[in-house]
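> File entry_30.txt below, compact mmCIF, C-alpha atoms and all ligand atoms:
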```txt
# COMPACT_ATOMS: atom_id res chain seq x y z
CA MET K 254 11.17 20.38 12.51
CA SER K 255 12.56 20.74 9.01
CA LYS K 256 11.67 17.93 6.58
CA LYS K 257 12.11 17.35 2.86
CA ILE K 258 9.54 15.22 1.02
CA ALA K 259 9.99 13.97 -2.55
CA VAL K 260 6.71 14.07 -4.49
CA ILE K 261 6.08 11.80 -7.49
CA GLY K 262 2.57 12.02 -8.96
CA GLY K 263 3.15 9.31 -11.57
CA ASP K 264 0.48 8.26 -14.07
CA GLY K 265 -3.28 8.39 -14.59
CA ILE K 266 -5.06 9.62 -11.46
CA GLY K 267 -1.75 9.62 -9.54
CA PRO K 268 -0.95 13.33 -10.07
CA GLU K 269 -4.58 14.29 -9.32
CA VAL K 270 -4.76 12.55 -5.95
CA VAL K 271 -1.20 13.56 -5.01
CA ALA K 272 -2.11 17.22 -5.70
CA GLU K 273 -4.74 16.90 -2.95
CA GLY K 274 -2.22 15.29 -0.60
CA VAL K 275 0.17 18.16 -1.29
CA LYS K 276 -2.58 20.70 -0.53
CA VAL K 277 -3.05 19.05 2.87
CA LEU K 278 0.69 19.03 3.58
CA GLU K 279 1.04 22.70 2.60
CA ALA K 280 -1.94 23.72 4.71
CA LEU K 281 -0.61 21.83 7.74
CA ALA K 282 2.87 23.31 7.32
CA GLU K 283 1.37 26.81 7.26
CA LEU K 284 -0.98 26.18 10.20
CA ARG K 285 1.62 24.51 12.41
CA GLY K 286 4.65 26.56 11.32
CA TRP K 287 6.53 23.51 10.02
CA ASP K 288 9.46 23.87 7.66
CA LEU K 289 8.36 21.41 4.94
CA ASP K 290 10.20 21.33 1.65
CA LEU K 291 8.23 19.49 -1.05
CA LEU K 292 10.44 18.41 -3.93
CA PRO K 293 8.49 17.39 -7.05
CA PHE K 294 9.94 14.91 -9.57
CA GLU K 295 8.36 14.54 -12.99
CA LEU K 296 8.58 10.79 -13.43
CA GLY K 297 6.07 8.48 -15.11
CA ALA K 298 4.81 7.36 -18.49
CA ASP K 299 4.73 10.86 -20.08
CA ARG K 300 8.38 11.46 -19.26
CA TYR K 301 9.36 7.92 -20.32
CA LEU K 302 7.58 8.26 -23.67
CA ARG K 303 9.12 11.72 -24.19
CA ASP K 304 12.77 11.00 -23.44
CA GLY K 305 13.14 7.40 -22.21
CA THR K 306 13.75 8.42 -18.58
CA THR K 307 12.51 5.98 -15.92
CA PHE K 308 14.28 6.42 -12.56
CA PRO K 309 17.58 8.30 -12.97
CA ARG K 310 20.43 7.60 -10.57
CA GLU K 311 20.64 11.28 -9.56
CA VAL K 312 16.98 11.19 -8.46
CA ALA K 313 17.59 8.00 -6.47
CA ASP K 314 20.67 9.58 -4.87
CA THR K 315 18.86 12.84 -4.03
CA ILE K 316 16.00 10.95 -2.40
CA ALA K 317 18.33 8.69 -0.42
CA SER K 318 20.67 11.44 0.76
CA GLU K 319 18.49 14.57 1.06
CA CYS K 320 14.87 13.53 1.57
CA ASP K 321 13.06 12.24 4.66
CA ALA K 322 10.18 10.58 2.80
CA VAL K 323 8.54 10.11 -0.59
CA LEU K 324 4.88 10.66 -1.50
CA LEU K 325 3.95 8.67 -4.60
CA GLY K 326 0.68 8.57 -6.58
CA ALA K 327 0.49 5.56 -8.87
CA LEU K 328 2.28 4.16 -11.90
CA GLY K 329 0.89 2.34 -14.91
CA ASP K 330 -0.15 3.55 -18.33
CA PRO K 331 -1.69 1.60 -21.21
CA ARG K 332 0.79 3.28 -23.59
CA VAL K 333 3.60 1.39 -21.81
CA PRO K 334 2.28 -2.19 -21.83
CA ASP K 335 5.46 -3.75 -20.42
CA MET K 336 5.40 -1.33 -17.43
CA ALA K 337 9.13 -0.66 -17.93
CA HIS K 338 9.01 2.81 -16.34
CA ALA K 339 6.76 1.73 -13.47
CA ARG K 340 8.97 -1.21 -12.58
CA ASP K 341 12.11 0.94 -12.55
CA ILE K 342 10.53 3.64 -10.37
CA LEU K 343 8.67 1.38 -7.92
CA PHE K 344 11.41 -1.22 -7.59
CA GLY K 345 14.07 1.51 -7.62
CA LEU K 346 12.46 3.02 -4.54
CA ARG K 347 11.52 -0.25 -2.81
CA PHE K 348 14.82 -2.02 -3.31
CA GLY K 349 17.04 1.09 -3.41
CA LEU K 350 15.77 2.26 -0.02
CA ASP K 351 15.30 -1.33 1.25
CA LEU K 352 11.66 -0.63 2.13
CA TYR K 353 10.96 -4.06 3.56
CA CYS K 354 7.71 -3.29 5.39
CA ASN K 355 4.64 -2.68 3.30
CA VAL K 356 2.32 -1.39 6.00
CA ARG K 357 -1.34 -1.42 5.04
CA PRO K 358 -3.98 -0.40 7.57
CA ILE K 359 -7.29 -2.21 6.98
CA VAL K 360 -9.54 0.26 8.74
CA CYS K 361 -13.15 0.85 7.81
CA LEU K 362 -13.93 4.45 8.72
CA HIS K 363 -17.70 4.56 8.39
CA ASP K 364 -20.63 2.12 8.59
CA SER K 365 -21.79 3.22 5.13
CA LEU K 366 -18.55 1.76 3.70
CA MET K 367 -18.79 -1.64 5.43
CA PRO K 368 -19.85 -4.25 2.86
CA LEU K 369 -20.41 -7.07 5.40
CA LYS K 370 -24.01 -7.31 6.64
CA LYS K 371 -23.26 -8.47 10.19
CA TRP K 372 -20.45 -6.04 10.95
CA ARG K 373 -19.94 -2.36 11.66
CA ALA K 374 -17.04 -0.13 10.66
CA ALA K 375 -15.54 -0.32 14.16
CA ASP K 376 -15.21 -4.11 13.76
CA CYS K 377 -12.68 -3.74 10.94
CA ASP K 378 -9.52 -2.20 12.34
CA PHE K 379 -6.25 -4.00 11.76
CA VAL K 380 -2.95 -3.58 9.96
CA VAL K 381 -1.12 -5.89 7.58
CA PHE K 382 2.68 -6.01 7.49
CA ARG K 383 3.49 -7.38 4.05
CA GLU K 384 7.08 -8.38 3.22
CA ASN K 385 8.08 -6.00 0.43
CA THR K 386 11.53 -6.93 -0.86
CA GLU K 387 11.51 -10.72 -1.33
CA GLY K 388 9.12 -13.53 -2.19
CA ILE K 389 7.82 -14.39 -5.60
CA TYR K 390 7.86 -10.79 -6.91
CA VAL K 391 11.64 -10.39 -7.15
CA GLY K 392 11.73 -11.57 -10.76
CA VAL K 393 13.96 -14.61 -10.34
CA GLY K 394 13.13 -17.33 -12.85
CA GLY K 395 12.93 -17.84 -16.56
CA GLN K 396 11.12 -19.25 -19.51
CA PHE K 397 12.28 -22.28 -21.45
CA LYS K 398 11.10 -23.39 -24.90
CA LYS K 399 8.87 -20.31 -24.99
CA GLY K 400 6.14 -20.41 -27.60
CA THR K 401 6.42 -24.17 -28.11
CA PRO K 402 4.02 -26.84 -26.84
CA ASP K 403 6.74 -27.85 -24.33
CA GLU K 404 7.22 -24.41 -22.83
CA ILE K 405 8.08 -24.05 -19.15
CA ALA K 406 7.87 -20.93 -16.94
CA ILE K 407 9.61 -20.79 -13.58
CA GLN K 408 9.03 -18.06 -10.98
CA GLU K 409 11.13 -18.52 -7.88
CA ASP K 410 9.93 -17.62 -4.37
CA ILE K 411 12.85 -16.10 -2.45
CA ASN K 412 12.71 -16.12 1.37
CA SER K 413 15.84 -15.25 3.35
CA ARG K 414 16.13 -15.76 7.10
CA LYS K 415 17.05 -12.08 7.46
CA GLY K 416 14.14 -10.92 5.30
CA VAL K 417 11.53 -13.07 7.02
CA GLU K 418 12.78 -12.31 10.51
CA ARG K 419 12.89 -8.54 10.08
CA ILE K 420 9.32 -8.17 8.79
CA ILE K 421 8.01 -10.43 11.56
CA ARG K 422 9.93 -8.41 14.15
CA ALA K 423 8.57 -5.15 12.66
CA ALA K 424 5.02 -6.50 13.06
CA PHE K 425 5.64 -7.44 16.71
CA GLU K 426 7.31 -4.06 17.38
CA HIS K 427 4.28 -2.32 15.94
CA ALA K 428 1.97 -4.51 18.06
CA ARG K 429 3.95 -3.62 21.19
CA GLN K 430 3.83 0.11 20.42
CA ALA K 431 0.13 0.02 19.52
CA GLY K 432 -0.81 -2.07 22.58
CA ALA K 433 -2.13 -4.93 20.42
CA LYS K 434 -2.66 -8.29 22.13
CA THR K 435 -2.24 -10.54 19.08
CA VAL K 436 -0.14 -10.91 15.94
CA HIS K 437 -1.38 -13.30 13.24
CA MET K 438 1.02 -14.76 10.68
CA ALA K 439 -0.61 -15.92 7.44
CA ASP K 440 1.30 -18.56 5.46
CA LYS K 441 0.81 -21.83 3.62
CA HIS K 442 3.40 -24.11 5.21
CA ASN K 443 1.22 -27.17 4.61
CA ALA K 444 1.62 -26.72 0.83
CA MET K 445 4.93 -24.79 0.79
CA PRO K 446 6.95 -26.72 3.37
CA HIS K 447 10.34 -25.22 2.49
CA ALA K 448 9.67 -21.48 2.33
CA HIS K 449 6.87 -21.31 4.84
CA GLU K 450 8.40 -23.66 7.39
CA LEU K 451 11.01 -20.89 7.63
CA TRP K 452 8.23 -18.33 8.15
CA LEU K 453 6.57 -20.45 10.85
CA ARG K 454 9.85 -21.11 12.68
CA CYS K 455 10.87 -17.43 12.57
CA PHE K 456 7.42 -16.42 13.76
CA GLN K 457 7.59 -18.77 16.75
CA GLU K 458 11.14 -17.67 17.62
CA VAL K 459 10.50 -13.92 17.33
CA ALA K 460 7.24 -14.30 19.29
CA GLU K 461 9.25 -15.52 22.30
CA GLU K 462 10.79 -12.02 22.53
CA TYR K 463 7.27 -10.54 23.00
CA PRO K 464 5.73 -12.50 25.89
CA GLY K 465 2.72 -10.18 26.31
CA ILE K 466 1.58 -10.66 22.70
CA GLU K 467 -0.19 -13.82 21.54
CA ALA K 468 1.29 -15.23 18.31
CA ARG K 469 -1.38 -16.90 16.21
CA HIS K 470 -0.74 -18.82 13.02
CA VAL K 471 -3.40 -18.85 10.27
CA PHE K 472 -3.32 -20.44 6.82
CA VAL K 473 -3.77 -17.74 4.19
CA ASP K 474 -6.79 -19.37 2.55
CA ALA K 475 -8.52 -19.54 5.93
CA MET K 476 -7.49 -15.94 6.56
CA CYS K 477 -9.52 -14.85 3.48
CA LEU K 478 -12.52 -16.67 4.91
CA PHE K 479 -12.07 -15.19 8.40
CA MET K 480 -11.60 -11.63 7.07
CA VAL K 481 -15.09 -11.85 5.60
CA GLN K 482 -16.70 -13.90 8.38
CA ASP K 483 -15.28 -11.92 11.30
CA PRO K 484 -12.73 -9.17 10.62
CA SER K 485 -12.85 -8.11 14.28
CA GLN K 486 -10.48 -10.92 15.36
CA PHE K 487 -7.42 -9.32 13.71
CA GLU K 488 -5.15 -6.60 15.11
CA VAL K 489 -1.75 -7.06 13.42
CA VAL K 490 -1.14 -9.50 10.55
CA VAL K 491 2.24 -10.36 9.04
CA THR K 492 2.65 -12.22 5.78
CA CYS K 493 4.78 -12.66 2.65
CA ASN K 494 4.82 -10.43 -0.40
CA LEU K 495 2.36 -12.37 -2.59
CA PHE K 496 -0.18 -13.19 0.13
CA GLY K 497 0.03 -9.64 1.50
CA ASP K 498 -0.77 -8.23 -1.93
CA ILE K 499 -3.92 -10.34 -2.19
CA LEU K 500 -5.09 -10.06 1.43
CA THR K 501 -4.82 -6.28 1.39
CA ASP K 502 -6.95 -5.90 -1.73
CA LEU K 503 -9.60 -7.98 0.04
CA GLY K 504 -8.97 -5.65 2.97
CA ALA K 505 -9.51 -2.60 0.72
CA ALA K 506 -12.96 -3.97 -0.11
CA LEU K 507 -13.73 -4.07 3.64
CA GLN K 508 -12.64 -0.41 3.86
CA GLY K 509 -14.96 0.84 1.14
CA GLY K 510 -12.86 0.35 -1.98
CA MET K 511 -9.49 1.20 -3.45
CA GLY K 512 -10.01 4.92 -2.92
CA MET K 513 -9.90 4.42 0.87
CA ALA K 514 -6.78 2.26 1.25
CA ALA K 515 -3.51 3.89 2.37
CA SER K 516 -0.05 2.38 2.62
CA GLY K 517 3.53 2.92 3.63
CA ASN K 518 6.63 1.26 2.21
CA VAL K 519 8.79 1.56 5.25
CA ASN K 520 12.27 0.92 6.51
CA PRO K 521 11.74 1.85 10.16
CA GLY K 522 13.56 5.05 11.08
CA LYS K 523 14.85 5.56 7.52
CA VAL K 524 13.73 7.32 4.32
CA SER K 525 10.42 5.65 3.43
CA MET K 526 7.82 5.90 0.69
CA PHE K 527 4.07 6.40 1.12
CA GLU K 528 1.41 5.75 -1.54
CA PRO K 529 -2.30 5.03 -1.83
CA VAL K 530 -2.82 1.31 -2.50
CA HIS K 531 -4.75 1.90 -5.71
CA GLY K 532 -3.27 2.05 -9.19
CA SER K 533 -3.44 4.72 -11.86
CA ALA K 534 -7.08 3.91 -12.82
CA PRO K 535 -6.63 5.17 -16.44
CA PRO K 536 -10.39 5.37 -17.21
CA LEU K 537 -10.83 7.90 -14.36
CA ALA K 538 -7.85 10.12 -15.22
CA GLY K 539 -8.51 13.79 -16.03
CA LYS K 540 -12.18 13.65 -14.97
CA ASP K 541 -11.88 14.99 -11.40
CA VAL K 542 -13.69 11.90 -10.09
CA ALA K 543 -10.88 9.94 -8.39
CA ASN K 544 -11.21 9.60 -4.62
CA PRO K 545 -8.26 11.43 -2.99
CA LEU K 546 -9.03 10.17 0.55
CA ALA K 547 -6.63 7.19 0.34
CA THR K 548 -3.87 9.68 -0.47
CA ILE K 549 -4.89 11.97 2.39
CA LEU K 550 -4.83 9.00 4.80
CA THR K 551 -1.44 8.11 3.31
CA VAL K 552 -0.22 11.63 4.10
CA GLY K 553 -1.25 10.93 7.70
CA MET K 554 0.95 7.80 7.77
CA LEU K 555 3.83 9.79 6.26
CA LEU K 556 3.51 12.46 8.95
CA THR K 557 3.57 9.83 11.72
CA HIS K 558 6.70 8.35 10.18
CA LEU K 559 8.31 11.82 10.21
CA GLY K 560 7.46 12.26 13.88
CA PHE K 561 4.53 14.69 13.60
CA GLU K 562 2.47 13.18 16.41
CA GLY K 563 -1.32 13.34 16.34
CA GLU K 564 -1.70 14.53 12.74
CA GLU K 565 -2.60 11.08 11.37
CA ALA K 566 -5.44 10.74 13.88
CA ARG K 567 -6.68 14.27 13.01
CA LEU K 568 -6.64 13.56 9.25
CA THR K 569 -8.35 10.19 9.80
CA ALA K 570 -11.11 11.92 11.79
CA LEU K 571 -11.61 14.48 9.00
CA VAL K 572 -11.77 11.74 6.35
CA ARG K 573 -14.43 9.98 8.48
CA GLU K 574 -16.33 13.28 8.70
CA ALA K 575 -16.05 13.76 4.92
CA ILE K 576 -17.70 10.37 4.40
CA GLU K 577 -20.32 11.05 7.09
CA THR K 578 -21.33 14.38 5.53
CA GLY K 579 -21.01 13.44 1.84
CA HIS K 580 -18.02 15.72 1.24
CA CYS K 581 -16.35 13.04 -0.86
CA THR K 582 -16.48 11.49 -4.32
CA ALA K 583 -19.35 9.40 -5.69
CA GLU K 584 -17.41 6.13 -5.29
CA VAL K 585 -17.81 6.48 -1.51
CA GLY K 586 -21.30 7.98 -1.54
CA GLY K 587 -20.50 11.67 -1.86
CA ARG K 588 -21.20 14.50 -4.25
CA LEU K 589 -17.83 16.22 -4.72
CA GLY K 590 -15.02 15.95 -7.24
CA THR K 591 -11.39 15.14 -6.45
CA ARG K 592 -10.30 18.76 -6.01
CA ALA K 593 -13.36 19.85 -4.01
CA THR K 594 -12.85 16.90 -1.63
CA GLY K 595 -9.27 18.01 -0.99
CA ASP K 596 -10.42 21.63 -0.58
CA TRP K 597 -13.04 20.56 1.98
CA ILE K 598 -10.45 18.68 4.05
CA VAL K 599 -8.13 21.71 3.98
CA GLU K 600 -10.98 24.03 4.98
CA ARG K 601 -11.85 21.76 7.93
CA LEU K 602 -8.18 21.66 8.92
CA ARG K 603 -8.16 25.45 9.05
CA GLN K 604 -11.42 25.56 11.04
CA THR K 605 -10.21 22.99 13.57
CA ALA K 606 -6.55 24.07 13.82
N1 LIG V 1 1.47 0.96 -6.84
C1 LIG V 1 1.01 1.29 -8.04
O1 LIG V 1 1.44 2.28 -8.61
C2 LIG V 1 -0.04 0.44 -8.70
C3 LIG V 1 -0.88 -0.40 -7.95
C4 LIG V 1 -1.88 -1.12 -8.62
C5 LIG V 1 -2.03 -1.02 -9.99
N2 LIG V 1 -1.18 -0.21 -10.69
C6 LIG V 1 -1.32 0.02 -12.14
O2 LIG V 1 -2.47 0.85 -12.35
C7 LIG V 1 -3.06 0.55 -13.61
C8 LIG V 1 -4.54 0.25 -13.42
O3 LIG V 1 -4.63 -0.96 -12.64
P1 LIG V 1 -5.98 -1.57 -12.08
O4 LIG V 1 -7.13 -1.06 -12.89
O5 LIG V 1 -5.78 -3.01 -11.92
O6 LIG V 1 -6.07 -0.99 -10.59
P2 LIG V 1 -6.61 0.41 -10.05
O7 LIG V 1 -6.36 0.44 -8.60
O8 LIG V 1 -6.06 1.52 -10.85
O9 LIG V 1 -8.19 0.34 -10.30
C9 LIG V 1 -8.99 -0.74 -9.76
C10 LIG V 1 -10.43 -0.25 -9.62
O10 LIG V 1 -10.53 0.69 -8.56
C11 LIG V 1 -10.99 1.95 -9.03
N3 LIG V 1 -10.18 2.98 -8.36
C12 LIG V 1 -8.85 2.93 -8.12
N4 LIG V 1 -8.45 4.03 -7.48
C13 LIG V 1 -9.55 4.79 -7.30
C14 LIG V 1 -9.77 6.05 -6.70
N5 LIG V 1 -8.79 6.76 -6.11
N6 LIG V 1 -11.01 6.55 -6.71
C15 LIG V 1 -12.03 5.86 -7.26
N7 LIG V 1 -11.88 4.65 -7.83
C16 LIG V 1 -10.65 4.12 -7.85
C17 LIG V 1 -10.74 1.92 -10.54
O11 LIG V 1 -11.62 2.76 -11.24
C18 LIG V 1 -10.94 0.45 -10.87
O12 LIG V 1 -12.33 0.17 -10.98
C19 LIG V 1 -2.26 -0.63 -14.18
O13 LIG V 1 -1.30 -0.11 -15.07
C20 LIG V 1 -1.61 -1.24 -12.95
O14 LIG V 1 -0.44 -1.93 -13.26
C21 LIG V 1 -0.21 0.54 -10.07
```
When written as structure tokens, how does the structure in this file appear?
Ligand SMILES: NC(=O)c1ccc[n+]([C@@H]2O[C@H](COP(=O)([O-])OP(=O)(O)OC[C@H]3O[C@@H](n4cnc5c(N)ncnc54)[C@H](O)[C@@H]3O)[C@@H](O)[C@H]2O)c1


Amino acid sequence: MSKKIAVIGGDGIGPEVVAEGVKVLEALAELRGWDLDLLPFELGADRYLRDGTTFPREVADTIASECDAVLLGALGDPRVPDMAHARDILFGLRFGLDLYCNVRPIVCLHDSLMPLKKWRAADCDFVVFRENTEGIYVGVGGQFKKGTPDEIAIQEDINSRKGVERIIRAAFEHARQAGAKTVHMADKHNAMPHAHELWLRCFQEVAEEYPGIEARHVFVDAMCLFMVQDPSQFEVVVTCNLFGDILTDLGAALQGGMGMAASGNVNPGKVSMFEPVHGSAPPLAGKDVANPLATILTVGMLLTHLGFEGEEARLTALVREAIETGHCTAEVGGRLGTRATGDWIVERLRQTA
């Protein structure tokens, strides 16, 4: 198979963790004889501060027409307080490629990472499908009488029938393919009767197309409680943009921290973007301490999306082994730096090829 992957390191620790992901991709391509073309783009705060470039149209066009996937690090730099460059790049990719599924596995890979006393790593293994192109994050709204005692700020929550239905259907499709028995939908229709009545109705209607899968509704506040009390009850969860953002950070805590959480921004079957969930962590940048394992797990998701069967499971097993044996960064109990962690994974790939 011949595949082209756009690579955007971004800001802070982004380029450092992406470099380890690239090492893994290059090693796999060599070991398996794949024709992988990695296409780096220098985009991020440095470039923006140098020449004002955020996300040029020619880059967007190249990615959409020539690439099969994008690997992204993180964006955000204290020198750009309004996040102008980050917004253009992230939203340019998400909206430009219509990446409506933010897929975030909440999988704890080792007992040493499980923060809940009563539970083991194996009890935390589910995936959240977060709506990624609508909701309250689309920037519709305004401010009125700003800076006065009467000021008003309005942030609209946008939910289209098409948008809600397609993310719910993607969650059920995933459940069917993965052999899951349940799909939970987290909303707040008791307090948001307009937007989330639509979510509930769509959920019930789409569920009828999947008779073997139990559709369970859960209020999002209760979902936070249940994730901590008993994470084992969840297999596939679908929710809106805002609630998905919050639930999956709680989920990252169940996985062992931000350095362990992978994600895909997916339009099924189309060019999609994969990134670790964490941000650019400016205080860690340049110190070789950032955990690259979220990015390596993200590379696994990217390879599954591209049709390279079995590689995600192999990388996940090696990440588990890295944690088990301490070949990881201090944040997850290890003794290695960012680069040495990536090197160890590559070495194990070669030994087990
Ligand atoms: N998708 C993205 O690009 C994205 C996501 C979240 C935040 N951000 C941006 O990143 C910047 C920093 O944001 P933040 O501090 O809220 O979130 P962050 O994820 O960068 O950091 C949160 C905490 O997790 C730790 N952490 C994060 N990644 C880690 C890793 N790989 N290894 C070890 N520890 C890690 C950090 O040290 C910090 O304590 C901001 O500019 C924010 O807007 C970008």

> To check your reading of the model: which residues sit at most 9 Å from ligand LIG 1 (chain V) when counting all atoms listed in the file? Write the answer as a PyMOL selection string.

chain K and resi 263-267+270+325-331+333-334+336+339+343+510-514+528-537+542-548+582-585+591

> Taking into account all atoms listed in the file, which residue in the set K:Glu565, K:Glu467, K:Glu387, K:Glu273 is nearest to K:Phe425?

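Smallest distance to K:Phe425 is found for K:Glu467.
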
> Any chance you could tabulate, as JSON lines, the residues of stretch 296-343 of chain K at most 12 Å from stretch 276-289 of chain K with each one's nearest atom pair and distance in Å to one decimal, using all atoms listed in the file, in chain and rising number order?


```
{"residue": "K:Cys320", "atom": "CA", "partner": "K:Leu289", "partner_atom": "CA", "distance": 10.8}
{"residue": "K:Asp321", "atom": "CA", "partner": "K:Leu289", "partner_atom": "CA", "distance": 10.3}
{"residue": "K:Ala322", "atom": "CA", "partner": "K:Leu289", "partner_atom": "CA", "distance": 11.2}
{"residue": "K:Leu324", "atom": "CA", "partner": "K:Leu278", "partner_atom": "CA", "distance": 10.6}
```

> With only C-alpha atoms as the basis for distance, which of K:Ser525, K:Thr551, K:Gln508, K:Thr307 is at the shortest distance from K:Ala259?

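Closest to K:Ala259, using only C-alpha atoms: K:Ser525.
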
> K:Ile466, K:Ala313, K:Val260, K:Leu291: which is nearest K:Val436, counting only C-alpha atoms?

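That would be K:Ile466, the residue with the smallest distance to K:Val436.
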
> Write out as JSON lines the residues of stretch 443-488 of chain K that have any atom within 12 Å of an atom of stretch 365-375 of chain K, one row each with the nearest atom pair and its distance in Å to one decimal, counting all atoms listed in the file, sorted by chain and then rising number.


```
{"residue": "K:Met480", "atom": "CA", "partner": "K:Leu369", "partner_atom": "CA", "distance": 10.1}
{"residue": "K:Val481", "atom": "CA", "partner": "K:Leu369", "partner_atom": "CA", "distance": 7.2}
{"residue": "K:Gln482", "atom": "CA", "partner": "K:Leu369", "partner_atom": "CA", "distance": 8.3}
{"residue": "K:Asp483", "atom": "CA", "partner": "K:Trp372", "partner_atom": "CA", "distance": 7.8}
{"residue": "K:Pro484", "atom": "CA", "partner": "K:Trp372", "partner_atom": "CA", "distance": 8.3}
{"residue": "K:Ser485", "atom": "CA", "partner": "K:Ala375", "partner_atom": "CA", "distance": 8.2}
{"residue": "K:Gln486", "atom": "CA", "partner": "K:Ala375", "partner_atom": "CA", "distance": 11.8}
```

> Grab the atom CA of K:Glu562 to atom CA of K:Met254 distance for me, in Å with one decimal place.

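Calculated distance between atom CA of K:Glu562 and atom CA of K:Met254 is 11.9 Å.
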
> For the atom pair atom CA of K:His437 and atom CA of K:Gly504, what is the interatomic distance in Å to one decimal place?

14.9 Å

> Grab the atom CA of K:Pro358 to atom CA of K:Thr501 distance for me, in Å with one decimal place.

8.6 Å

> Tell me which of K:Leu350, K:Ile411, K:Val599, K:Ile549 sits closest to K:Glu269, counting only C-alpha atoms.

K:Ile549

> Starting from the incomplete input, reconstruct N, CA and C atoms of stretch 254-269 of chain K and report them as a short mmCIF file (atom, residue, chain, number, x, y, z; two decimals), keeping the file's coordinate frame.


```
data_model
loop_
_atom_site.label_atom_id
_atom_site.label_comp_id
_atom_site.auth_asym_id
_atom_site.auth_seq_id
_atom_site.Cartn_x
_atom_site.Cartn_y
_atom_site.Cartn_z
N MET K 254 10.49 21.43 13.26
CA MET K 254 11.17 20.38 12.51
C MET K 254 11.26 20.75 11.04
N SER K 255 12.39 20.47 10.43
CA SER K 255 12.56 20.74 9.01
C SER K 255 12.62 19.40 8.27
N LYS K 256 11.74 19.22 7.29
CA LYS K 256 11.67 17.93 6.58
C LYS K 256 11.56 18.17 5.09
N LYS K 257 12.19 17.27 4.33
CA LYS K 257 12.11 17.35 2.86
C LYS K 257 11.39 16.11 2.34
N ILE K 258 10.35 16.33 1.52
CA ILE K 258 9.54 15.22 1.02
C ILE K 258 9.58 15.22 -0.51
N ALA K 259 10.03 14.12 -1.10
CA ALA K 259 9.99 13.97 -2.55
C ALA K 259 8.56 13.64 -2.96
N VAL K 260 8.10 14.27 -4.05
CA VAL K 260 6.71 14.07 -4.49
C VAL K 260 6.73 13.57 -5.93
N ILE K 261 6.15 12.38 -6.14
CA ILE K 261 6.08 11.80 -7.49
C ILE K 261 4.61 11.48 -7.77
N GLY K 262 3.99 12.25 -8.65
CA GLY K 262 2.57 12.02 -8.96
C GLY K 262 2.38 10.73 -9.75
N GLY K 263 3.23 10.53 -10.77
CA GLY K 263 3.15 9.31 -11.57
C GLY K 263 2.16 9.42 -12.70
N ASP K 264 1.35 8.39 -12.88
CA ASP K 264 0.48 8.26 -14.07
C ASP K 264 -1.00 8.31 -13.70
N GLY K 265 -1.83 8.49 -14.75
CA GLY K 265 -3.28 8.39 -14.59
C GLY K 265 -3.79 9.34 -13.52
N ILE K 266 -4.53 8.79 -12.54
CA ILE K 266 -5.06 9.62 -11.46
C ILE K 266 -4.00 9.96 -10.41
N GLY K 267 -2.80 9.38 -10.55
CA GLY K 267 -1.75 9.62 -9.54
C GLY K 267 -1.51 11.10 -9.27
N PRO K 268 -1.20 11.90 -10.32
CA PRO K 268 -0.95 13.33 -10.07
C PRO K 268 -2.16 14.05 -9.47
N GLU K 269 -3.37 13.61 -9.83
CA GLU K 269 -4.58 14.29 -9.32
C GLU K 269 -4.75 14.06 -7.82
#
```
